[in-house]
Amino acid sequence: MPQITLRENKITTYGNLPETGEKAPYFELIRSDMSKANLNDFKGKRVIMNIFPSIDTNVCATSVRNFNERATGLKNTEVLSISRDLPFALKRFVDDEGLDKVTNLSDFRQGDFGKDYGVEMMDGPLEGLLSRVVIVLDEEGKVIHSQQVPDISQEPDYLAALKSLL
């Protein structure tokens, strides 16, 4: 099983990320308005999946702000902020921050996303939450970039994710 760290403490994640060139696993998540969203809703668009433990932590909030800002000039690209936070918390954050370039999705209801994408933390103080990962999909839903952040307290490599779309 893959391992990451939280300030030098080892954490095991559920499995491996989808590999470059693979079709992204199907998902069904919950939007901020409690409606369902699935992978097919984004067909024909490029997708940046910003996956994180909780919007109520500094690094997670920073990643949402950064992807919101950097997505402004991207054509045909959707940024998904995905966590196990309740949809209400995700909505509160983007409303309070005035963010309008991200789509919030929650894995709180079924929890399949974390397992299917290999990002659920299996142990440690954040057990059950999603690890910090960025996955970029092309218009056909194939993975063109993925990054499991090695230490959960660090930000993802924004530039590498955005370069995969050039």
# chains A, B, ... in the order shown; residues from 1 in each chain; ligands from 1
$ residues_around --residues "A:Leu74" --least-positions-apart "2" --cutoff "12 Å" --atoms "only C-alpha atoms" --output "PyMOL selection string"
chain A and resi 45-48+67-72+76-79+101+162-166
$ write_last_selection --atoms "C-alpha atoms" --output "mmCIF file, in the first residue's frame"
data_model
loop_
_atom_site.group_PDB
_atom_site.id
_atom_site.type_symbol
_atom_site.label_atom_id
_atom_site.label_comp_id
_atom_site.auth_asym_id
_atom_site.auth_seq_id
_atom_site.Cartn_x
_atom_site.Cartn_y
_atom_site.Cartn_z
ATOM 1 C CA LYS A 45 -14.238 19.098 -20.569
ATOM 2 C CA ARG A 46 -10.751 19.013 -19.143
ATOM 3 C CA VAL A 47 -10.916 18.411 -15.409
ATOM 4 C CA ILE A 48 -8.584 19.301 -12.541
ATOM 5 C CA PHE A 67 -6.869 26.587 -8.242
ATOM 6 C CA ASN A 68 -9.770 29.062 -8.347
ATOM 7 C CA GLU A 69 -7.357 31.878 -9.278
ATOM 8 C CA ARG A 70 -5.331 29.846 -11.759
ATOM 9 C CA ALA A 71 -8.413 28.402 -13.499
ATOM 10 C CA THR A 72 -9.560 31.821 -14.666
ATOM 11 C CA ASN A 76 -12.936 24.239 -21.403
ATOM 12 C CA THR A 77 -11.604 23.302 -17.963
ATOM 13 C CA GLU A 78 -13.514 22.473 -14.796
ATOM 14 C CA VAL A 79 -11.849 22.521 -11.371
ATOM 15 C CA LYS A 101 -14.179 28.949 -10.620
ATOM 16 C CA LEU A 162 -1.527 23.249 -15.139
ATOM 17 C CA LYS A 163 1.343 22.389 -17.524
ATOM 18 C CA SER A 164 -0.352 19.062 -18.287
ATOM 19 C CA LEU A 165 -3.164 21.083 -19.912
ATOM 20 C CA LEU A 166 -0.890 23.009 -22.288
#
$ select_by_dssp --residues "stretch 3-64 of chain A" --states "strand (DSSP E or B)" --output "JSON, numbers by chain"
{"A": [3, 4, 5, 6, 9, 10, 11, 12, 13, 23, 28, 29, 30, 31, 36, 37, 38, 46, 47, 48, 49, 50, 51]}
$ write_last_selection --atoms "N, CA and C atoms" --output "PDB file, in the first residue's frame"
ATOM      1  N   GLN A   3       2.319   4.952   0.829  1.00  0.00           N
ATOM      2  CA  GLN A   3       2.413   5.698   2.075  1.00  0.00           C
ATOM      3  C   GLN A   3       2.741   7.154   1.804  1.00  0.00           C
ATOM      4  N   ILE A   4       2.149   8.007   2.625  1.00  0.00           N
ATOM      5  CA  ILE A   4       2.459   9.428   2.660  1.00  0.00           C
ATOM      6  C   ILE A   4       2.832   9.736   4.105  1.00  0.00           C
ATOM      7  N   THR A   5       3.090  10.985   4.391  1.00  0.00           N
ATOM      8  CA  THR A   5       3.393  11.354   5.769  1.00  0.00           C
ATOM      9  C   THR A   5       2.565  12.569   6.181  1.00  0.00           C
ATOM     10  N   LEU A   6       2.474  12.727   7.473  1.00  0.00           N
ATOM     11  CA  LEU A   6       1.930  13.937   8.083  1.00  0.00           C
ATOM     12  C   LEU A   6       2.971  14.357   9.093  1.00  0.00           C
ATOM     13  N   ASN A   9       5.076  11.463  10.312  1.00  0.00           N
ATOM     14  CA  ASN A   9       4.321  10.286  10.731  1.00  0.00           C
ATOM     15  C   ASN A   9       3.771   9.601   9.490  1.00  0.00           C
ATOM     16  N   LYS A  10       4.059   8.313   9.343  1.00  0.00           N
ATOM     17  CA  LYS A  10       3.642   7.574   8.156  1.00  0.00           C
ATOM     18  C   LYS A  10       2.138   7.300   8.167  1.00  0.00           C
ATOM     19  N   ILE A  11       1.530   7.447   6.981  1.00  0.00           N
ATOM     20  CA  ILE A  11       0.109   7.188   6.787  1.00  0.00           C
ATOM     21  C   ILE A  11      -0.026   6.330   5.535  1.00  0.00           C
ATOM     22  N   THR A  12      -0.840   5.298   5.622  1.00  0.00           N
ATOM     23  CA  THR A  12      -1.092   4.423   4.484  1.00  0.00           C
ATOM     24  C   THR A  12      -2.357   4.872   3.774  1.00  0.00           C
ATOM     25  N   THR A  13      -2.286   4.933   2.449  1.00  0.00           N
ATOM     26  CA  THR A  13      -3.483   5.243   1.662  1.00  0.00           C
ATOM     27  C   THR A  13      -4.038   3.959   1.074  1.00  0.00           C
ATOM     28  N   LYS A  23      -8.416   5.460 -18.146  1.00  0.00           N
ATOM     29  CA  LYS A  23      -9.712   6.110 -18.006  1.00  0.00           C
ATOM     30  C   LYS A  23      -9.958   6.313 -16.514  1.00  0.00           C
ATOM     31  N   GLU A  28     -19.586   9.119  -8.287  1.00  0.00           N
ATOM     32  CA  GLU A  28     -20.814   9.851  -8.020  1.00  0.00           C
ATOM     33  C   GLU A  28     -20.630  10.547  -6.682  1.00  0.00           C
ATOM     34  N   LEU A  29     -20.665  11.877  -6.701  1.00  0.00           N
ATOM     35  CA  LEU A  29     -20.424  12.687  -5.510  1.00  0.00           C
ATOM     36  C   LEU A  29     -21.579  13.664  -5.324  1.00  0.00           C
ATOM     37  N   ILE A  30     -21.544  14.409  -4.231  1.00  0.00           N
ATOM     38  CA  ILE A  30     -22.635  15.327  -3.897  1.00  0.00           C
ATOM     39  C   ILE A  30     -22.159  16.770  -4.036  1.00  0.00           C
ATOM     40  N   ARG A  31     -22.939  17.558  -4.785  1.00  0.00           N
ATOM     41  CA  ARG A  31     -22.668  18.981  -4.978  1.00  0.00           C
ATOM     42  C   ARG A  31     -23.095  19.777  -3.738  1.00  0.00           C
ATOM     43  N   LYS A  36     -26.678  15.265  -7.077  1.00  0.00           N
ATOM     44  CA  LYS A  36     -25.600  14.338  -7.419  1.00  0.00           C
ATOM     45  C   LYS A  36     -24.839  14.829  -8.641  1.00  0.00           C
ATOM     46  N   ALA A  37     -23.558  14.540  -8.669  1.00  0.00           N
ATOM     47  CA  ALA A  37     -22.698  14.799  -9.829  1.00  0.00           C
ATOM     48  C   ALA A  37     -21.915  13.525 -10.083  1.00  0.00           C
ATOM     49  N   ASN A  38     -21.656  13.238 -11.350  1.00  0.00           N
ATOM     50  CA  ASN A  38     -20.849  12.066 -11.656  1.00  0.00           C
ATOM     51  C   ASN A  38     -19.854  12.405 -12.755  1.00  0.00           C
ATOM     52  N   ARG A  46     -11.957  19.371 -19.881  1.00  0.00           N
ATOM     53  CA  ARG A  46     -10.751  19.013 -19.143  1.00  0.00           C
ATOM     54  C   ARG A  46     -11.065  19.240 -17.673  1.00  0.00           C
ATOM     55  N   VAL A  47     -10.554  18.365 -16.823  1.00  0.00           N
ATOM     56  CA  VAL A  47     -10.916  18.411 -15.409  1.00  0.00           C
ATOM     57  C   VAL A  47      -9.663  18.391 -14.544  1.00  0.00           C
ATOM     58  N   ILE A  48      -9.603  19.328 -13.591  1.00  0.00           N
ATOM     59  CA  ILE A  48      -8.584  19.301 -12.541  1.00  0.00           C
ATOM     60  C   ILE A  48      -9.301  18.877 -11.265  1.00  0.00           C
ATOM     61  N   MET A  49      -8.910  17.727 -10.731  1.00  0.00           N
ATOM     62  CA  MET A  49      -9.495  17.234  -9.484  1.00  0.00           C
ATOM     63  C   MET A  49      -8.543  17.601  -8.335  1.00  0.00           C
ATOM     64  N   ASN A  50      -8.954  18.569  -7.543  1.00  0.00           N
ATOM     65  CA  ASN A  50      -8.191  18.995  -6.379  1.00  0.00           C
ATOM     66  C   ASN A  50      -8.790  18.261  -5.180  1.00  0.00           C
ATOM     67  N   ILE A  51      -8.114  17.214  -4.728  1.00  0.00           N
ATOM     68  CA  ILE A  51      -8.623  16.323  -3.684  1.00  0.00           C
ATOM     69  C   ILE A  51      -7.867  16.626  -2.393  1.00  0.00           C
TER      70      ILE A  51
END
$ residues_around --residues "A:Val133" --least-positions-apart "5" --cutoff "10 Å" --atoms "only C-alpha atoms" --output "list in words"
Leu17, Met49, Asn50, Ile51, Phe52, Pro53, Ile82, Tyr117, Gly118, Val119, Ser146, Gln147, Gln148, Val149, Pro150, Ile152, Glu155, Pro156 and Asp157 of chain A
$ closest_residue --among "A:Asp151, A:Glu140, A:Asp123, A:Asp41" --to "A:Arg7" --atoms "only C-alpha atoms"
A:Asp151
$ residues_around --residues "A:Phe88" --least-positions-apart "4" --cutoff "10 Å" --atoms "only C-alpha atoms" --output "VMD selection string"
chain A and resid 31 to 34 92 to 93 104 106
$ write_last_selection --atoms "all heavy atoms" --output "mmCIF file, in the first residue's frame"
data_model
loop_
_atom_site.group_PDB
_atom_site.id
_atom_site.type_symbol
_atom_site.label_atom_id
_atom_site.label_comp_id
_atom_site.auth_asym_id
_atom_site.auth_seq_id
_atom_site.Cartn_x
_atom_site.Cartn_y
_atom_site.Cartn_z
ATOM 1 N N ARG A 31 -22.939 17.558 -4.785
ATOM 2 C CA ARG A 31 -22.668 18.981 -4.978
ATOM 3 C C ARG A 31 -23.095 19.777 -3.738
ATOM 4 O O ARG A 31 -23.786 19.261 -2.863
ATOM 5 C CB ARG A 31 -23.447 19.509 -6.186
ATOM 6 C CG ARG A 31 -23.028 18.930 -7.505
ATOM 7 C CD ARG A 31 -23.929 19.499 -8.631
ATOM 8 N NE ARG A 31 -23.635 18.888 -9.905
ATOM 9 C CZ ARG A 31 -22.759 19.373 -10.790
ATOM 10 N NH1 ARG A 31 -22.102 20.481 -10.518
ATOM 11 N NH2 ARG A 31 -22.555 18.747 -11.935
ATOM 12 N N SER A 32 -22.720 21.052 -3.725
ATOM 13 C CA SER A 32 -23.069 21.929 -2.600
ATOM 14 C C SER A 32 -24.575 22.087 -2.408
ATOM 15 O O SER A 32 -25.031 22.347 -1.304
ATOM 16 C CB SER A 32 -22.445 23.312 -2.792
ATOM 17 O OG SER A 32 -21.049 23.221 -2.698
ATOM 18 N N ASP A 33 -25.344 21.915 -3.487
ATOM 19 C CA ASP A 33 -26.811 22.030 -3.371
ATOM 20 C C ASP A 33 -27.470 20.682 -3.080
ATOM 21 O O ASP A 33 -28.687 20.549 -3.169
ATOM 22 C CB ASP A 33 -27.408 22.653 -4.630
ATOM 23 C CG ASP A 33 -27.230 21.789 -5.870
ATOM 24 O OD1 ASP A 33 -26.674 20.660 -5.774
ATOM 25 O OD2 ASP A 33 -27.654 22.230 -6.957
ATOM 26 N N MET A 34 -26.662 19.674 -2.743
ATOM 27 C CA MET A 34 -27.091 18.320 -2.393
ATOM 28 C C MET A 34 -27.521 17.475 -3.591
ATOM 29 O O MET A 34 -27.975 16.357 -3.431
ATOM 30 C CB MET A 34 -28.191 18.328 -1.321
ATOM 31 C CG MET A 34 -27.774 18.994 -0.017
ATOM 32 S SD MET A 34 -26.311 18.224 0.751
ATOM 33 C CE MET A 34 -27.003 16.691 1.333
ATOM 34 N N ARG A 92 -20.121 27.087 2.181
ATOM 35 C CA ARG A 92 -19.823 28.230 3.064
ATOM 36 C C ARG A 92 -18.460 28.814 2.715
ATOM 37 O O ARG A 92 -18.306 30.034 2.603
ATOM 38 C CB ARG A 92 -19.843 27.786 4.532
ATOM 39 C CG ARG A 92 -19.340 28.854 5.505
ATOM 40 C CD ARG A 92 -19.139 28.326 6.931
ATOM 41 N NE ARG A 92 -18.634 26.983 7.067
ATOM 42 C CZ ARG A 92 -17.343 26.631 6.985
ATOM 43 N NH1 ARG A 92 -16.418 27.539 6.763
ATOM 44 N NH2 ARG A 92 -16.968 25.373 7.146
ATOM 45 N N PHE A 93 -17.465 27.946 2.533
ATOM 46 C CA PHE A 93 -16.121 28.415 2.247
ATOM 47 C C PHE A 93 -16.075 29.211 0.944
ATOM 48 O O PHE A 93 -15.569 30.329 0.919
ATOM 49 C CB PHE A 93 -15.131 27.244 2.190
ATOM 50 C CG PHE A 93 -13.750 27.686 1.829
ATOM 51 C CD1 PHE A 93 -12.922 28.253 2.776
ATOM 52 C CD2 PHE A 93 -13.277 27.568 0.529
ATOM 53 C CE1 PHE A 93 -11.647 28.700 2.446
ATOM 54 C CE2 PHE A 93 -12.009 28.001 0.188
ATOM 55 C CZ PHE A 93 -11.190 28.569 1.153
ATOM 56 N N ASN A 104 -17.542 22.365 -6.030
ATOM 57 C CA ASN A 104 -17.334 21.573 -4.822
ATOM 58 C C ASN A 104 -18.083 20.259 -4.919
ATOM 59 O O ASN A 104 -19.265 20.231 -5.272
ATOM 60 C CB ASN A 104 -17.855 22.321 -3.593
ATOM 61 C CG ASN A 104 -17.076 23.555 -3.303
ATOM 62 O OD1 ASN A 104 -15.859 23.547 -3.355
ATOM 63 N ND2 ASN A 104 -17.773 24.628 -2.998
ATOM 64 N N SER A 106 -18.582 16.474 -2.653
ATOM 65 C CA SER A 106 -18.338 15.783 -1.390
ATOM 66 C C SER A 106 -18.506 14.272 -1.547
ATOM 67 O O SER A 106 -19.442 13.803 -2.186
ATOM 68 C CB SER A 106 -19.319 16.291 -0.332
ATOM 69 O OG SER A 106 -19.164 15.559 0.872
#
$ select_by_dssp --residues "stretch 2-73 of chain A" --states "alpha helix (DSSP H)" --output "list in words"
Asn58, Val59, Cys60, Ala61, Thr62, Ser63, Val64, Arg65, Asn66, Phe67, Asn68, Glu69 and Arg70 of chain A
$ closest_residue --among "A:Asp56, A:Glu120, A:Glu127, A:Glu139" --to "A:Pro2" --atoms "only C-alpha atoms"
A:Glu120
$ atom_distance --atom1 "atom CA of A:Gly111" --atom2 "atom CA of A:Val64"
20.8 Å
$ atom_distance --atom1 "atom CA of A:Gly98" --atom2 "atom CA of A:His145"
27.9 Å
$ decode --residues "stretch 92-124 of chain A" --atoms "N, CA, C and O atoms" --output "PDB file, in the first residue's frame"
ATOM      1  N   ARG A  92     -20.121  27.087   2.181  1.00  0.00           N
ATOM      2  CA  ARG A  92     -19.823  28.230   3.064  1.00  0.00           C
ATOM      3  C   ARG A  92     -18.460  28.814   2.715  1.00  0.00           C
ATOM      4  O   ARG A  92     -18.306  30.034   2.603  1.00  0.00           O
ATOM      5  N   PHE A  93     -17.465  27.946   2.533  1.00  0.00           N
ATOM      6  CA  PHE A  93     -16.121  28.415   2.247  1.00  0.00           C
ATOM      7  C   PHE A  93     -16.075  29.211   0.944  1.00  0.00           C
ATOM      8  O   PHE A  93     -15.569  30.329   0.919  1.00  0.00           O
ATOM      9  N   VAL A  94     -16.571  28.655  -0.146  1.00  0.00           N
ATOM     10  CA  VAL A  94     -16.471  29.374  -1.429  1.00  0.00           C
ATOM     11  C   VAL A  94     -17.326  30.635  -1.430  1.00  0.00           C
ATOM     12  O   VAL A  94     -16.948  31.641  -2.024  1.00  0.00           O
ATOM     13  N   ASP A  95     -18.467  30.607  -0.750  1.00  0.00           N
ATOM     14  CA  ASP A  95     -19.289  31.819  -0.651  1.00  0.00           C
ATOM     15  C   ASP A  95     -18.566  32.904   0.153  1.00  0.00           C
ATOM     16  O   ASP A  95     -18.511  34.060  -0.270  1.00  0.00           O
ATOM     17  N   ASP A  96     -18.002  32.526   1.305  1.00  0.00           N
ATOM     18  CA  ASP A  96     -17.282  33.490   2.143  1.00  0.00           C
ATOM     19  C   ASP A  96     -16.066  34.071   1.423  1.00  0.00           C
ATOM     20  O   ASP A  96     -15.730  35.243   1.596  1.00  0.00           O
ATOM     21  N   GLU A  97     -15.410  33.248   0.608  1.00  0.00           N
ATOM     22  CA  GLU A  97     -14.200  33.664  -0.102  1.00  0.00           C
ATOM     23  C   GLU A  97     -14.492  34.314  -1.454  1.00  0.00           C
ATOM     24  O   GLU A  97     -13.590  34.846  -2.090  1.00  0.00           O
ATOM     25  N   GLY A  98     -15.738  34.218  -1.927  1.00  0.00           N
ATOM     26  CA  GLY A  98     -16.086  34.767  -3.237  1.00  0.00           C
ATOM     27  C   GLY A  98     -15.458  34.000  -4.387  1.00  0.00           C
ATOM     28  O   GLY A  98     -15.109  34.574  -5.413  1.00  0.00           O
ATOM     29  N   LEU A  99     -15.316  32.693  -4.231  1.00  0.00           N
ATOM     30  CA  LEU A  99     -14.697  31.862  -5.262  1.00  0.00           C
ATOM     31  C   LEU A  99     -15.770  31.365  -6.231  1.00  0.00           C
ATOM     32  O   LEU A  99     -16.797  30.860  -5.813  1.00  0.00           O
ATOM     33  N   ASP A 100     -15.496  31.486  -7.524  1.00  0.00           N
ATOM     34  CA  ASP A 100     -16.518  31.104  -8.503  1.00  0.00           C
ATOM     35  C   ASP A 100     -15.994  30.242  -9.641  1.00  0.00           C
ATOM     36  O   ASP A 100     -16.695  29.982 -10.611  1.00  0.00           O
ATOM     37  N   LYS A 101     -14.774  29.763  -9.545  1.00  0.00           N
ATOM     38  CA  LYS A 101     -14.179  28.949 -10.620  1.00  0.00           C
ATOM     39  C   LYS A 101     -13.977  27.498 -10.216  1.00  0.00           C
ATOM     40  O   LYS A 101     -13.299  26.756 -10.903  1.00  0.00           O
ATOM     41  N   VAL A 102     -14.539  27.101  -9.083  1.00  0.00           N
ATOM     42  CA  VAL A 102     -14.409  25.723  -8.632  1.00  0.00           C
ATOM     43  C   VAL A 102     -15.794  25.124  -8.406  1.00  0.00           C
ATOM     44  O   VAL A 102     -16.744  25.827  -8.074  1.00  0.00           O
ATOM     45  N   THR A 103     -15.884  23.826  -8.603  1.00  0.00           N
ATOM     46  CA  THR A 103     -17.101  23.077  -8.298  1.00  0.00           C
ATOM     47  C   THR A 103     -16.788  22.186  -7.105  1.00  0.00           C
ATOM     48  O   THR A 103     -15.867  21.371  -7.158  1.00  0.00           O
ATOM     49  N   ASN A 104     -17.542  22.365  -6.030  1.00  0.00           N
ATOM     50  CA  ASN A 104     -17.334  21.573  -4.822  1.00  0.00           C
ATOM     51  C   ASN A 104     -18.083  20.259  -4.919  1.00  0.00           C
ATOM     52  O   ASN A 104     -19.265  20.231  -5.272  1.00  0.00           O
ATOM     53  N   LEU A 105     -17.392  19.184  -4.567  1.00  0.00           N
ATOM     54  CA  LEU A 105     -18.021  17.871  -4.542  1.00  0.00           C
ATOM     55  C   LEU A 105     -17.616  17.157  -3.260  1.00  0.00           C
ATOM     56  O   LEU A 105     -16.462  17.208  -2.850  1.00  0.00           O
ATOM     57  N   SER A 106     -18.582  16.474  -2.653  1.00  0.00           N
ATOM     58  CA  SER A 106     -18.338  15.783  -1.390  1.00  0.00           C
ATOM     59  C   SER A 106     -18.506  14.272  -1.547  1.00  0.00           C
ATOM     60  O   SER A 106     -19.442  13.803  -2.186  1.00  0.00           O
ATOM     61  N   ASP A 107     -17.604  13.544  -0.909  1.00  0.00           N
ATOM     62  CA  ASP A 107     -17.630  12.084  -0.874  1.00  0.00           C
ATOM     63  C   ASP A 107     -18.189  11.595   0.466  1.00  0.00           C
ATOM     64  O   ASP A 107     -17.917  10.486   0.888  1.00  0.00           O
ATOM     65  N   PHE A 108     -18.990  12.429   1.125  1.00  0.00           N
ATOM     66  CA  PHE A 108     -19.448  12.080   2.470  1.00  0.00           C
ATOM     67  C   PHE A 108     -20.497  10.970   2.481  1.00  0.00           C
ATOM     68  O   PHE A 108     -20.591  10.209   3.434  1.00  0.00           O
ATOM     69  N   ARG A 109     -21.275  10.850   1.427  1.00  0.00           N
ATOM     70  CA  ARG A 109     -22.429   9.956   1.467  1.00  0.00           C
ATOM     71  C   ARG A 109     -22.045   8.475   1.316  1.00  0.00           C
ATOM     72  O   ARG A 109     -22.405   7.663   2.148  1.00  0.00           O
ATOM     73  N   GLN A 110     -21.337   8.120   0.251  1.00  0.00           N
ATOM     74  CA  GLN A 110     -21.031   6.709   0.016  1.00  0.00           C
ATOM     75  C   GLN A 110     -19.578   6.355   0.315  1.00  0.00           C
ATOM     76  O   GLN A 110     -19.283   5.221   0.656  1.00  0.00           O
ATOM     77  N   GLY A 111     -18.670   7.293   0.132  1.00  0.00           N
ATOM     78  CA  GLY A 111     -17.268   7.052   0.434  1.00  0.00           C
ATOM     79  C   GLY A 111     -16.535   6.190  -0.570  1.00  0.00           C
ATOM     80  O   GLY A 111     -15.411   5.768  -0.315  1.00  0.00           O
ATOM     81  N   ASP A 112     -17.155   5.919  -1.713  1.00  0.00           N
ATOM     82  CA  ASP A 112     -16.507   5.074  -2.723  1.00  0.00           C
ATOM     83  C   ASP A 112     -15.356   5.782  -3.427  1.00  0.00           C
ATOM     84  O   ASP A 112     -14.396   5.139  -3.843  1.00  0.00           O
ATOM     85  N   PHE A 113     -15.457   7.078  -3.589  1.00  0.00           N
ATOM     86  CA  PHE A 113     -14.452   7.828  -4.332  1.00  0.00           C
ATOM     87  C   PHE A 113     -13.054   7.600  -3.754  1.00  0.00           C
ATOM     88  O   PHE A 113     -12.100   7.337  -4.484  1.00  0.00           O
ATOM     89  N   GLY A 114     -12.916   7.726  -2.451  1.00  0.00           N
ATOM     90  CA  GLY A 114     -11.621   7.574  -1.794  1.00  0.00           C
ATOM     91  C   GLY A 114     -10.978   6.224  -2.042  1.00  0.00           C
ATOM     92  O   GLY A 114      -9.763   6.125  -2.214  1.00  0.00           O
ATOM     93  N   LYS A 115     -11.789   5.188  -2.073  1.00  0.00           N
ATOM     94  CA  LYS A 115     -11.277   3.843  -2.344  1.00  0.00           C
ATOM     95  C   LYS A 115     -10.996   3.655  -3.833  1.00  0.00           C
ATOM     96  O   LYS A 115      -9.945   3.152  -4.222  1.00  0.00           O
ATOM     97  N   ASP A 116     -11.947   4.062  -4.685  1.00  0.00           N
ATOM     98  CA  ASP A 116     -11.803   3.864  -6.131  1.00  0.00           C
ATOM     99  C   ASP A 116     -10.606   4.609  -6.702  1.00  0.00           C
ATOM    100  O   ASP A 116      -9.991   4.153  -7.661  1.00  0.00           O
ATOM    101  N   TYR A 117     -10.277   5.765  -6.125  1.00  0.00           N
ATOM    102  CA  TYR A 117      -9.150   6.559  -6.602  1.00  0.00           C
ATOM    103  C   TYR A 117      -7.877   6.325  -5.784  1.00  0.00           C
ATOM    104  O   TYR A 117      -6.836   6.911  -6.060  1.00  0.00           O
ATOM    105  N   GLY A 118      -7.948   5.489  -4.751  1.00  0.00           N
ATOM    106  CA  GLY A 118      -6.775   5.151  -3.957  1.00  0.00           C
ATOM    107  C   GLY A 118      -6.295   6.257  -3.046  1.00  0.00           C
ATOM    108  O   GLY A 118      -5.130   6.281  -2.650  1.00  0.00           O
ATOM    109  N   VAL A 119      -7.176   7.184  -2.674  1.00  0.00           N
ATOM    110  CA  VAL A 119      -6.751   8.365  -1.921  1.00  0.00           C
ATOM    111  C   VAL A 119      -7.213   8.392  -0.462  1.00  0.00           C
ATOM    112  O   VAL A 119      -6.812   9.277   0.292  1.00  0.00           O
ATOM    113  N   GLU A 120      -8.017   7.439  -0.050  1.00  0.00           N
ATOM    114  CA  GLU A 120      -8.491   7.418   1.332  1.00  0.00           C
ATOM    115  C   GLU A 120      -7.341   7.048   2.266  1.00  0.00           C
ATOM    116  O   GLU A 120      -6.573   6.132   1.996  1.00  0.00           O
ATOM    117  N   MET A 121      -7.221   7.772   3.372  1.00  0.00           N
ATOM    118  CA  MET A 121      -6.204   7.466   4.370  1.00  0.00           C
ATOM    119  C   MET A 121      -6.729   6.366   5.294  1.00  0.00           C
ATOM    120  O   MET A 121      -7.833   6.474   5.826  1.00  0.00           O
ATOM    121  N   MET A 122      -5.940   5.310   5.432  1.00  0.00           N
ATOM    122  CA  MET A 122      -6.370   4.136   6.177  1.00  0.00           C
ATOM    123  C   MET A 122      -5.962   4.143   7.645  1.00  0.00           C
ATOM    124  O   MET A 122      -6.444   3.329   8.433  1.00  0.00           O
ATOM    125  N   ASP A 123      -5.064   5.042   8.020  1.00  0.00           N
ATOM    126  CA  ASP A 123      -4.623   5.112   9.403  1.00  0.00           C
ATOM    127  C   ASP A 123      -4.158   6.536   9.700  1.00  0.00           C
ATOM    128  O   ASP A 123      -4.270   7.414   8.867  1.00  0.00           O
ATOM    129  N   GLY A 124      -3.659   6.738  10.901  1.00  0.00           N
ATOM    130  CA  GLY A 124      -3.199   8.072  11.299  1.00  0.00           C
ATOM    131  C   GLY A 124      -4.337   8.927  11.807  1.00  0.00           C
ATOM    132  O   GLY A 124      -5.497   8.515  11.812  1.00  0.00           O
TER     133      GLY A 124
END
